[in-house]
file work04.tsv (TSV, C-alpha atoms and all ligand atoms)
chain	number	residue	atom	x	y	z
A	1	LYS	CA	0.00	0.00	0.00
A	2	GLU	CA	1.25	3.46	-0.83
A	3	THR	CA	1.76	5.93	1.99
A	4	VAL	CA	-0.36	9.08	2.18
A	5	LEU	CA	0.32	12.18	4.24
A	6	SER	CA	-1.61	15.38	4.49
A	7	GLY	CA	-1.86	18.20	6.98
A	8	ILE	CA	-4.13	20.97	8.07
A	9	ARG	CA	-3.54	24.05	10.23
A	10	PRO	CA	-5.51	24.48	13.47
A	11	THR	CA	-6.19	28.17	12.88
A	12	GLY	CA	-10.00	28.16	12.94
A	13	PHE	CA	-13.06	26.27	11.80
A	14	LEU	CA	-12.98	24.07	8.69
A	15	HIS	CA	-14.55	25.67	5.63
A	16	LEU	CA	-15.83	24.18	2.39
A	17	GLY	CA	-12.48	24.73	0.66
A	18	ASN	CA	-10.71	22.59	3.28
A	19	TYR	CA	-13.47	20.03	3.17
A	20	PHE	CA	-13.79	19.57	-0.59
A	21	GLY	CA	-10.15	20.36	-1.38
A	22	ALA	CA	-8.70	17.94	1.13
A	23	VAL	CA	-10.72	16.28	3.89
A	24	GLN	CA	-13.22	14.51	1.65
A	25	ASN	CA	-10.34	12.83	-0.16
A	26	TRP	CA	-8.76	11.86	3.15
A	27	VAL	CA	-11.91	10.07	4.22
A	28	ARG	CA	-11.96	8.04	1.02
A	29	MET	CA	-8.23	7.35	0.98
A	30	GLN	CA	-8.11	5.92	4.50
A	31	HIS	CA	-9.65	2.67	3.23
A	32	GLU	CA	-7.24	2.28	0.32
A	33	TYR	CA	-3.88	3.58	1.53
A	34	ASN	CA	-1.55	3.67	4.48
A	35	CYS	CA	-2.67	7.10	5.72
A	36	TYR	CA	-1.20	9.75	8.01
A	37	PHE	CA	-3.21	12.90	8.69
A	38	CYS	CA	-1.60	15.62	10.72
A	39	VAL	CA	-2.87	18.66	12.60
A	40	VAL	CA	0.05	21.00	11.97
A	41	ASP	CA	0.21	23.13	15.10
A	42	TRP	CA	3.80	24.27	14.43
A	43	HIS	CA	2.78	25.65	11.07
A	44	SER	CA	0.05	27.72	12.67
A	45	LEU	CA	2.69	29.49	14.81
A	46	THR	CA	4.10	31.14	11.67
A	47	THR	CA	1.06	33.44	11.55
A	48	HIS	CA	-0.62	32.85	14.94
A	49	PRO	CA	2.14	33.06	17.59
A	50	ASP	CA	-0.45	33.46	20.35
A	51	THR	CA	-1.06	29.97	21.75
A	52	LYS	CA	-3.94	30.79	24.09
A	53	GLU	CA	-6.55	29.26	21.82
A	54	LEU	CA	-4.41	26.52	20.34
A	55	ARG	CA	-5.66	23.72	22.56
A	56	GLN	CA	-9.28	24.54	21.82
A	57	ASN	CA	-8.53	24.93	18.12
A	58	VAL	CA	-6.78	21.56	17.92
A	59	HIS	CA	-9.65	19.82	19.73
A	60	ARG	CA	-12.21	21.51	17.54
A	61	LEU	CA	-10.37	20.64	14.34
A	62	LEU	CA	-10.04	17.01	15.44
A	63	GLY	CA	-13.76	16.99	16.22
A	64	GLU	CA	-14.52	18.25	12.71
A	65	LEU	CA	-12.17	15.78	11.04
A	66	LEU	CA	-13.61	12.84	12.97
A	67	ALA	CA	-17.15	14.04	12.31
A	68	SER	CA	-16.30	14.19	8.59
A	69	GLY	CA	-15.57	10.48	8.71
A	70	LEU	CA	-11.88	10.09	9.52
A	71	ASP	CA	-11.45	6.92	11.53
A	72	PRO	CA	-8.54	6.59	14.01
A	73	ASP	CA	-8.61	2.82	13.47
A	74	GLN	CA	-8.08	3.26	9.71
A	75	ALA	CA	-5.74	6.24	9.51
A	76	VAL	CA	-3.05	7.63	11.78
A	77	ILE	CA	-4.45	10.94	13.01
A	78	TYR	CA	-1.94	12.94	15.03
A	79	VAL	CA	-0.64	16.33	16.10
A	80	GLN	CA	2.60	17.58	14.52
A	81	SER	CA	4.29	18.65	17.77
A	82	ASP	CA	3.92	15.09	19.12
A	83	VAL	CA	6.50	14.02	16.52
A	84	PRO	CA	9.77	15.90	17.20
A	85	GLU	CA	11.47	13.90	14.43
A	86	ILE	CA	9.72	16.26	12.00
A	87	ALA	CA	11.71	19.14	13.49
A	88	GLU	CA	14.96	17.21	13.10
A	89	LEU	CA	14.28	16.60	9.42
A	90	TYR	CA	13.29	20.26	9.05
A	91	LEU	CA	16.75	21.20	10.31
A	92	TYR	CA	18.49	19.00	7.71
A	93	LEU	CA	16.29	20.18	4.87
A	94	ASN	CA	16.84	23.81	5.82
A	95	MET	CA	20.47	23.36	4.75
A	96	LEU	CA	19.26	22.21	1.33
A	97	ALA	CA	16.69	24.97	0.77
A	98	TYR	CA	17.83	28.20	-0.85
A	99	LYS	CA	16.80	31.59	0.43
A	100	GLY	CA	16.01	32.73	-3.11
A	101	GLU	CA	13.55	29.95	-3.86
A	102	LEU	CA	11.84	30.38	-0.48
A	103	GLU	CA	11.39	34.10	-1.11
A	104	LYS	CA	9.78	33.36	-4.45
A	105	THR	CA	7.06	31.09	-2.98
A	106	VAL	CA	3.62	32.50	-3.77
A	107	THR	CA	2.21	31.82	-0.28
A	108	PHE	CA	5.21	33.58	1.30
A	109	LYS	CA	4.74	36.64	-0.89
A	110	ASP	CA	1.02	36.68	0.01
A	111	LYS	CA	1.77	36.49	3.73
A	112	VAL	CA	4.34	39.29	3.48
A	113	ARG	CA	1.68	41.44	1.84
A	114	GLN	CA	-0.94	40.53	4.48
A	115	HIS	CA	1.30	40.81	7.57
A	116	PRO	CA	4.29	43.02	6.72
A	117	GLN	CA	4.97	43.48	10.47
A	118	ASN	CA	5.57	39.75	11.07
A	119	VAL	CA	7.83	38.36	8.36
A	120	ASN	CA	9.56	35.79	10.54
A	121	ALA	CA	12.01	33.07	9.47
A	122	GLY	CA	9.40	30.37	10.18
A	123	LEU	CA	7.18	31.91	7.56
A	124	LEU	CA	10.01	31.90	5.04
A	125	THR	CA	10.82	28.25	5.73
A	126	TYR	CA	7.17	27.15	5.91
A	127	PRO	CA	7.59	24.96	2.77
A	128	VAL	CA	10.60	23.25	4.38
A	129	LEU	CA	8.53	22.27	7.42
A	130	MET	CA	5.76	21.06	5.14
A	131	ALA	CA	8.26	19.00	3.14
A	132	SER	CA	9.43	17.49	6.44
A	133	ASP	CA	5.85	16.49	7.31
A	134	ILE	CA	5.62	14.60	4.04
A	135	LEU	CA	9.11	13.13	3.77
A	136	ILE	CA	9.27	11.95	7.40
A	137	HIS	CA	6.73	9.26	6.45
A	138	ARG	CA	8.26	8.72	3.00
A	139	ALA	CA	4.79	9.45	1.63
A	140	THR	CA	4.09	9.39	-2.09
A	141	ARG	CA	0.55	10.76	-2.24
A	142	VAL	CA	-0.51	14.05	-0.74
A	143	PRO	CA	-4.21	14.92	-0.95
A	144	VAL	CA	-4.41	18.74	-1.00
A	145	GLY	CA	-6.22	21.56	-2.73
A	146	LYS	CA	-4.79	23.46	-5.69
A	147	ASP	CA	-3.26	26.19	-3.51
A	148	GLN	CA	-0.67	23.67	-2.21
A	149	GLU	CA	0.71	22.66	-5.60
A	150	GLN	CA	3.83	24.83	-5.40
A	151	HIS	CA	4.62	23.56	-1.89
A	152	LEU	CA	4.50	20.00	-3.21
A	153	GLU	CA	6.94	20.84	-5.96
A	154	MET	CA	9.29	22.28	-3.36
A	155	ALA	CA	8.98	19.14	-1.22
A	156	ARG	CA	10.07	17.11	-4.23
A	157	ASN	CA	13.01	19.43	-4.83
A	158	PHE	CA	14.22	19.21	-1.23
A	159	GLY	CA	13.79	15.43	-1.17
A	160	GLU	CA	15.61	15.05	-4.46
A	161	ARG	CA	18.51	17.23	-3.28
A	162	PHE	CA	18.81	15.13	-0.14
A	163	ASN	CA	18.78	11.88	-2.14
A	164	HIS	CA	21.34	13.24	-4.56
A	165	ARG	CA	23.71	14.43	-1.87
A	166	TYR	CA	23.41	11.66	0.75
A	167	GLY	CA	21.77	8.67	-0.97
A	168	GLU	CA	18.24	7.52	-1.75
A	169	VAL	CA	15.98	7.85	1.27
A	170	PHE	CA	12.87	9.58	-0.02
A	171	PRO	CA	10.41	8.53	-2.71
A	172	MET	CA	8.93	11.49	-4.63
A	173	PRO	CA	5.55	12.73	-3.36
A	174	SER	CA	2.86	14.22	-5.54
A	175	ALA	CA	-0.42	16.02	-4.96
A	176	PHE	CA	-3.47	13.82	-5.20
A	177	ASN	CA	-7.18	14.26	-5.83
A	178	TYR	CA	-9.79	11.64	-6.79
A	179	GLY	CA	-11.08	13.98	-9.48
A	180	ALA	CA	-9.17	14.81	-12.65
A	181	SER	CA	-7.54	17.93	-11.19
A	182	LEU	CA	-6.88	19.51	-7.81
A	183	THR	CA	-9.84	21.35	-6.31
A	184	LYS	CA	-10.11	25.09	-5.82
A	185	ILE	CA	-13.25	26.45	-4.17
A	186	LEU	CA	-13.69	30.20	-4.59
A	187	GLY	CA	-15.17	32.55	-2.03
A	188	LEU	CA	-18.87	33.32	-2.59
A	189	ASP	CA	-17.98	36.90	-3.50
A	190	GLY	CA	-15.88	35.61	-6.40
A	191	ASN	CA	-12.76	37.29	-4.98
A	192	GLY	CA	-10.16	34.53	-4.94
A	193	LYS	CA	-10.12	31.24	-3.06
A	194	MET	CA	-12.37	30.53	-0.12
A	195	SER	CA	-10.28	31.04	3.02
A	196	LYS	CA	-10.36	31.77	6.72
A	197	SER	CA	-8.83	35.19	6.24
A	198	ALA	CA	-11.16	36.37	3.45
A	199	ASN	CA	-14.56	38.09	3.72
A	200	GLN	CA	-16.46	36.05	6.33
A	201	MET	CA	-19.74	36.22	4.38
A	202	ALA	CA	-17.92	34.59	1.44
A	203	THR	CA	-16.67	31.61	3.45
A	204	ILE	CA	-18.95	28.78	4.56
A	205	TYR	CA	-17.78	26.91	7.64
A	206	LEU	CA	-18.83	23.44	8.70
A	207	ALA	CA	-19.70	25.12	12.02
A	208	ASP	CA	-22.15	27.61	10.46
A	209	ASP	CA	-25.78	27.17	11.51
A	210	ASP	CA	-28.51	26.52	8.97
A	211	ASP	CA	-29.67	30.09	8.62
A	212	LEU	CA	-26.20	31.49	8.25
A	213	ILE	CA	-25.45	28.99	5.47
A	214	ARG	CA	-28.66	30.04	3.68
A	215	LYS	CA	-27.86	33.71	4.13
A	216	LYS	CA	-24.34	33.36	2.77
A	217	ILE	CA	-25.42	31.37	-0.28
A	218	MET	CA	-28.29	33.75	-1.09
A	219	LYS	CA	-25.76	36.61	-1.04
A	220	ALA	CA	-23.32	34.80	-3.35
A	221	LYS	CA	-22.28	36.80	-6.37
A	222	THR	CA	-24.25	36.20	-9.58
A	223	ASP	CA	-25.21	38.33	-12.59
A	224	SER	CA	-28.13	38.69	-14.96
A	225	GLY	CA	-27.37	35.35	-16.62
A	226	PRO	CA	-26.17	34.20	-20.05
A	227	THR	CA	-27.75	35.92	-23.02
A	228	ALA	CA	-26.63	33.59	-25.82
A	229	PRO	CA	-26.17	29.82	-25.96
A	230	GLY	CA	-22.55	28.80	-25.55
A	231	THR	CA	-21.68	31.69	-23.21
A	232	PRO	CA	-18.84	30.48	-20.97
A	233	LYS	CA	-19.59	30.60	-17.23
A	234	PRO	CA	-17.85	33.34	-15.24
A	235	ASP	CA	-15.75	31.77	-12.48
A	236	TYR	CA	-18.16	32.78	-9.66
A	237	ILE	CA	-20.98	30.95	-11.50
A	238	GLU	CA	-18.74	27.97	-12.22
A	239	ASN	CA	-18.06	27.92	-8.47
A	240	LEU	CA	-21.79	27.68	-7.64
A	241	PHE	CA	-22.12	24.77	-10.08
A	242	LEU	CA	-19.07	23.11	-8.53
A	243	MET	CA	-20.60	23.35	-5.07
A	244	MET	CA	-23.88	22.06	-6.40
A	245	GLN	CA	-22.11	19.05	-7.92
A	246	LEU	CA	-20.60	18.35	-4.52
A	247	VAL	CA	-23.80	18.44	-2.45
A	248	SER	CA	-26.85	18.14	-4.74
A	249	ASN	CA	-28.07	15.11	-6.63
A	250	ALA	CA	-27.13	14.68	-10.27
A	251	GLU	CA	-30.55	15.37	-11.80
A	252	ILE	CA	-30.77	18.72	-10.08
A	253	VAL	CA	-27.33	19.73	-11.32
A	254	LEU	CA	-28.24	18.62	-14.82
A	255	LYS	CA	-31.45	20.66	-14.77
A	256	TYR	CA	-29.57	23.86	-13.90
A	257	GLN	CA	-26.83	23.08	-16.44
A	258	GLN	CA	-29.54	22.82	-19.10
A	259	ASP	CA	-31.22	26.01	-17.88
A	260	TYR	CA	-27.86	27.72	-18.21
A	261	GLU	CA	-27.38	26.40	-21.77
A	262	ASN	CA	-30.89	27.54	-22.68
A	263	CYS	CA	-30.37	30.94	-21.06
A	264	THR	CA	-33.41	30.35	-18.84
A	265	ILE	CA	-31.52	29.95	-15.60
A	266	ARG	CA	-32.80	31.79	-12.52
A	267	TYR	CA	-29.93	32.15	-10.11
A	268	GLY	CA	-32.28	32.94	-7.21
A	269	ASP	CA	-33.87	29.51	-7.58
A	270	MET	CA	-30.54	27.82	-8.06
A	271	LYS	CA	-29.16	29.39	-4.88
A	272	LYS	CA	-32.26	28.41	-2.90
A	273	GLN	CA	-31.80	24.81	-4.01
A	274	LEU	CA	-28.07	24.89	-3.31
A	275	ALA	CA	-28.67	26.42	0.12
A	276	GLU	CA	-31.07	23.65	1.15
A	277	ASP	CA	-28.76	20.91	-0.12
A	278	MET	CA	-25.78	22.54	1.60
A	279	VAL	CA	-27.68	22.81	4.88
A	280	ALA	CA	-28.62	19.13	4.68
A	281	PHE	CA	-25.02	18.24	3.90
A	282	ILE	CA	-23.39	20.27	6.67
A	283	ARG	CA	-25.88	19.81	9.52
A	284	PRO	CA	-24.97	16.22	10.53
A	285	ILE	CA	-21.23	16.98	10.38
A	286	ARG	CA	-21.66	20.11	12.51
A	287	GLU	CA	-23.72	18.33	15.13
A	288	LYS	CA	-21.39	15.36	15.34
A	289	ALA	CA	-18.32	17.62	15.52
A	290	LYS	CA	-19.72	19.46	18.52
A	291	ALA	CA	-20.32	16.22	20.38
A	292	ILE	CA	-16.82	14.87	19.66
A	293	GLU	CA	-15.13	18.15	20.56
A	294	ASN	CA	-16.57	17.84	24.07
A	295	ASP	CA	-15.67	14.18	24.47
A	296	LYS	CA	-12.20	14.83	25.88
A	297	GLU	CA	-11.65	11.18	26.73
A	298	TYR	CA	-12.12	10.12	23.13
A	299	LEU	CA	-9.94	12.97	21.86
A	300	THR	CA	-7.18	11.93	24.26
A	301	TYR	CA	-7.41	8.38	22.94
A	302	VAL	CA	-7.16	9.58	19.32
A	303	ILE	CA	-4.27	11.98	19.96
A	304	LYS	CA	-2.22	9.46	21.96
A	305	LYS	CA	-2.76	6.55	19.64
A	306	GLY	CA	-2.02	8.59	16.51
A	307	GLY	CA	1.01	10.27	18.05
A	308	GLU	CA	2.57	6.94	19.00
A	309	LYS	CA	2.08	5.40	15.56
A	310	ALA	CA	3.28	8.49	13.71
A	311	ARG	CA	6.32	8.77	15.92
A	312	ALA	CA	7.29	5.12	15.49
A	313	ASN	CA	7.23	5.51	11.73
A	314	ALA	CA	9.09	8.85	11.84
A	315	MET	CA	11.84	7.29	13.96
A	316	GLU	CA	12.39	4.66	11.27
A	317	THR	CA	12.93	7.37	8.70
A	318	ILE	CA	15.26	9.34	10.99
A	319	LYS	CA	17.43	6.21	11.29
A	320	LEU	CA	17.68	5.98	7.51
A	321	ILE	CA	18.45	9.69	7.28
A	322	ARG	CA	21.19	9.63	9.90
A	323	ASN	CA	22.75	6.58	8.33
A	324	ALA	CA	22.68	8.13	4.88
A	325	MET	CA	24.26	11.32	6.22
A	326	GLY	CA	26.82	9.49	8.31
A	327	LEU	CA	25.59	11.07	11.54
A	328	ASN	CA	26.51	8.02	13.61
A	329	TYR	CA	29.61	8.16	15.73
A	330	VAL	CA	29.67	5.05	17.88
A	401	LIG	P1	-4.52	24.68	5.10
A	401	LIG	O1	-4.61	24.38	6.55
A	401	LIG	O2	-4.55	26.09	4.64
A	401	LIG	O3	-5.68	23.93	4.32
A	401	LIG	C1	-5.93	22.55	4.49
A	401	LIG	C2	-6.30	21.93	3.16
A	401	LIG	O4	-7.41	22.62	2.59
A	401	LIG	C3	-7.13	22.95	1.23
A	401	LIG	N1	-7.82	24.21	0.87
A	401	LIG	C4	-8.56	24.37	-0.24
A	401	LIG	N2	-8.86	23.54	-1.26
A	401	LIG	C5	-9.66	24.00	-2.23
A	401	LIG	N3	-10.18	25.26	-2.24
A	401	LIG	C6	-9.92	26.13	-1.24
A	401	LIG	N4	-10.46	27.34	-1.24
A	401	LIG	C7	-9.05	25.70	-0.19
A	401	LIG	N5	-8.60	26.28	0.94
A	401	LIG	C8	-7.84	25.36	1.58
A	401	LIG	C9	-5.63	23.12	1.18
A	401	LIG	O5	-5.16	22.96	-0.13
A	401	LIG	C10	-5.18	22.03	2.12
A	401	LIG	O6	-5.08	20.80	1.44
A	401	LIG	N6	0.33	24.07	4.05
A	401	LIG	C11	-0.91	23.36	4.34
A	401	LIG	C12	-0.87	22.49	5.56
A	401	LIG	C13	0.21	21.47	5.57
A	401	LIG	C14	0.29	20.31	4.73
A	401	LIG	C15	1.46	19.62	5.14
A	401	LIG	C16	-0.50	19.82	3.71
A	401	LIG	C17	1.29	21.43	6.39
A	401	LIG	N7	2.04	20.32	6.14
A	401	LIG	C18	1.85	18.44	4.52
A	401	LIG	C19	-0.11	18.61	3.09
A	401	LIG	C20	1.06	17.95	3.50
A	401	LIG	C21	-2.00	24.40	4.56
A	401	LIG	O7	-1.75	25.52	4.92
A	401	LIG	O8	-3.26	23.92	4.47

call {"tool": "encode", "arguments": {"input": "work04.tsv", "output": "C-alpha cells"}}
result
Amino acid sequence: KETVLSGIRPTGFLHLGNYFGAVQNWVRMQHEYNCYFCVVDWHSLTTHPDTKELRQNVHRLLGELLASGLDPDQAVIYVQSDVPEIAELYLYLNMLAYKGELEKTVTFKDKVRQHPQNVNAGLLTYPVLMASDILIHRATRVPVGKDQEQHLEMARNFGERFNHRYGEVFPMPSAFNYGASLTKILGLDGNGKMSKSANQMATIYLADDDDLIRKKIMKAKTDSGPTAPGTPKPDYIENLFLMMQLVSNAEIVLKYQQDYENCTIRYGDMKKQLAEDMVAFIRPIREKAKAIENDKEYLTYVIKKGGEKARANAMETIKLIRNAMGLNYV
C-alpha cells in the first residue's frame, strides 16, 4: 500500500475549501492507503504566535475531522508537535533549501503582503517544514487543494537534493485528488479562493448554523445570466455549479446546467436549491463535531494513539536519514 500524508492548520473552523479540497479525499483514501493525517500546530505558529486558543482549536479541528468520517482505526491521526522527528528533518532540509527559492514562494509573498509586520524566518521556511511532514513518512501521495501545488513541488526538490547528496531515502511525493484535477473552491464573492482570512460572508464553515449557510449562499455573487447559448460561465458561476455538484443530486445539477445552456436559468432559484442541499449536507457533520469536541476522553485516545504510531514511523525514517548522512559516531 502506498503511503499518504496530508496536513491541516488548526487556525479556525474548517470551511468548504478545506473540506472539498482535502478532507473529503482523506476520508476516502483511509480505506485504500496507508494514511497519516496531521494537525500542523507548528505551522500555525508562523502566523498565529499566540497559543492561548491553540488547545481549543486543535480539539475543535479534530472533532470536525472525525465528524467528517476520519477513523482513528483506519488512519493515523496525530498532532505535529507530538512528533519531534519532524523538526529534526526540518533542520536538515533547511540546509538544502535556498533563500532565493523560499522568497519566491507565492504563499510567502502573500503572507508578506498581508502581515508586513511579522515576516519571521518560520514563515520563510514554511515549505521546508511542510516537506518534512511529508518526507518523514516517505509518503508518495498528498491529498491537498490546488493552492498547495507549489509547496509540493518544493517538497520534491528538497527530497531530491537530499537523495542526490546523501543517498536515496525519499520517494517522490505528488499532490493527489480523486477527481481529474486539484480542487479550488472560490469565495462566494468571487474574490479569490475561499479562506479563513477572506470576507467572512464569502466563506462557509462546517460550524455555520442553517440560517447562516442560507444567508451566505443567497448573497453569493451572480449576474443577470447568459444571453446567448454557448456563453462560458464566469468563475463565480462555475463555483456555484461546482458546489452544487458536490452536495446536490445529479438530476438537479443537470437541470440547472440545461437552464444555463438555454439561457433560462434563474440564479435565485438555483441558490435556494443549493442552500437547502448545503444545509442538509453540513448539519450532521456540525452536530457530530460538537459532540466529539466535548468528548475529551475520546480525543485523548485519538491523539495518543495517533502520536505513537506516527512517531514510530518517523523514527524509522530518521534512522535511515542519519545513516545516509553518516551522523553516527559510535
Ligand atoms: P490549510 O490548513 O490552509 O488547508 C488545508 C487543506 O485545505 C485545502 N484548501 C482548499 N482547497 C480548495 N479550495 C480552497 N479554497 C481551499 N482552501 C484550503 C488546502 O489545499 C489544504 O489541502 N500548508 C498546508 C498544511 C500542511 C500540509 C502539510 C498539507 C502542512 N504540512 C503536509 C499537506 C502535506 C495548509 O496551509 O493547508

call {"tool": "residues_around", "arguments": {"input": "work04.tsv", "residues": "Gln56 (chain A)", "least_positions_apart": "2", "cutoff": "12 Å", "atoms": "only C-alpha atoms", "output": "PyMOL selection string"}}
result
chain A and resi 10-13+41+51-54+58-63+293-294+296+299

call {"tool": "residues_near_ligand", "arguments": {"input": "work04.tsv", "ligand": "ligand LIG 401 (chain A)", "cutoff": "6 Å", "atoms": "only C-alpha atoms and all ligand atoms", "output": "count of residues only"}}
result
26

call {"tool": "atom_distance", "arguments": {"input": "work04.tsv", "atom1": "CA of Lys288 (chain A)", "atom2": "CA of Ala67 (chain A)"}}
result
5.4 Å

call {"tool": "closest_residue", "arguments": {"input": "work04.tsv", "among": "A:Gln150, A:Asn57, A:Asn118, A:Gln258", "to": "Leu102 (chain A)", "atoms": "only C-alpha atoms"}}
result
A:Gln150

call {"tool": "residues_near_point", "arguments": {"input": "work04.tsv", "point": "(-6.3, 42.0, 3.2)", "cutoff": "10 Å", "atoms": "all atoms listed in the file", "output": "compact mmCIF listing (two decimals) with C-alpha atoms, keeping the file's coordinate frame"}}
result
# COMPACT_ATOMS: atom_id res chain seq x y z
CA ASP A 110 1.02 36.68 0.01
CA LYS A 111 1.77 36.49 3.73
CA ARG A 113 1.68 41.44 1.84
CA GLN A 114 -0.94 40.53 4.48
CA HIS A 115 1.30 40.81 7.57
CA SER A 197 -8.83 35.19 6.24
CA ALA A 198 -11.16 36.37 3.45
CA ASN A 199 -14.56 38.09 3.72

call {"tool": "closest_residue", "arguments": {"input": "work04.tsv", "among": "A:Asn262, A:Gln273, A:Asn239, A:Thr300", "to": "Met218 (chain A)", "atoms": "only C-alpha atoms"}}
result
A:Gln273

call {"tool": "atom_distance", "arguments": {"input": "work04.tsv", "atom1": "CA of Asn313 (chain A)", "atom2": "CA of Ile136 (chain A)"}}
result
8.0 Å

call {"tool": "atom_distance", "arguments": {"input": "work04.tsv", "atom1": "CA of Glu32 (chain A)", "atom2": "CA of Lys305 (chain A)"}}
result
20.3 Å

call {"tool": "axis_aligned_box", "arguments": {"input": "work04.tsv", "around": "region 111-116 of chain A", "padding_each_side": "4 Å", "output": "lines of an AutoDock Vina configuration file"}}
result
center_x = 1.7
center_y = 39.8
center_z = 4.7
size_x = 13.3
size_y = 14.5
size_z = 13.7

call {"tool": "closest_residue", "arguments": {"input": "work04.tsv", "among": "A:Ile217, A:Pro143, A:Val112, A:Thr46", "to": "Arg28 (chain A)", "atoms": "only C-alpha atoms"}}
result
A:Pro143

call {"tool": "closest_residue", "arguments": {"input": "work04.tsv", "among": "A:Tyr260, A:Phe108, A:Trp42, A:Tyr267", "to": "Pro229 (chain A)", "atoms": "only C-alpha atoms"}}
result
A:Tyr260

call {"tool": "residues_around", "arguments": {"input": "work04.tsv", "residues": "Glu276 (chain A)", "least_positions_apart": "3", "cutoff": "9 Å", "atoms": "all atoms listed in the file", "output": "list of chain:residue names"}}
result
A:Asp210, A:Ile213, A:Arg214, A:Lys271, A:Lys272, A:Gln273, A:Val279, A:Ala280, A:Phe281

call {"tool": "residues_around", "arguments": {"input": "work04.tsv", "residues": "Gly190 (chain A)", "least_positions_apart": "2", "cutoff": "9 Å", "atoms": "only C-alpha atoms", "output": "VMD selection string"}}
result
chain A and resid 186 to 188 192 to 194 202 220 to 222 235 to 237 239

call {"tool": "residues_around", "arguments": {"input": "work04.tsv", "residues": "Val27 (chain A)", "least_positions_apart": "2", "cutoff": "10 Å", "atoms": "all atoms listed in the file", "output": "PyMOL selection string"}}
result
chain A and resi 22-25+29-32+35+65-66+68-71+74-75

call {"tool": "residues_around", "arguments": {"input": "work04.tsv", "residues": "Glu85 (chain A)", "least_positions_apart": "3", "cutoff": "7 Å", "atoms": "all atoms listed in the file", "output": "list in words"}}
result
Glu88, Leu89, Ala314, Met315 and Ile318 of chain A

call {"tool": "write_last_selection", "arguments": {"input": "work04.tsv", "atoms": "C-alpha atoms", "output": "PDB file, keeping the file's coordinate frame"}}
result
ATOM      1  CA  GLU A  88      14.960  17.210  13.100  1.00  0.00           C
ATOM      2  CA  LEU A  89      14.280  16.600   9.420  1.00  0.00           C
ATOM      3  CA  ALA A 314       9.090   8.850  11.840  1.00  0.00           C
ATOM      4  CA  MET A 315      11.840   7.290  13.960  1.00  0.00           C
ATOM      5  CA  ILE A 318      15.260   9.340  10.990  1.00  0.00           C
TER       6      ILE A 318
END

call {"tool": "closest_residue", "arguments": {"input": "work04.tsv", "among": "A:Tyr329, A:Tyr126, A:Phe170, A:Phe241", "to": "Lys255 (chain A)", "atoms": "only C-alpha atoms"}}
result
A:Phe241
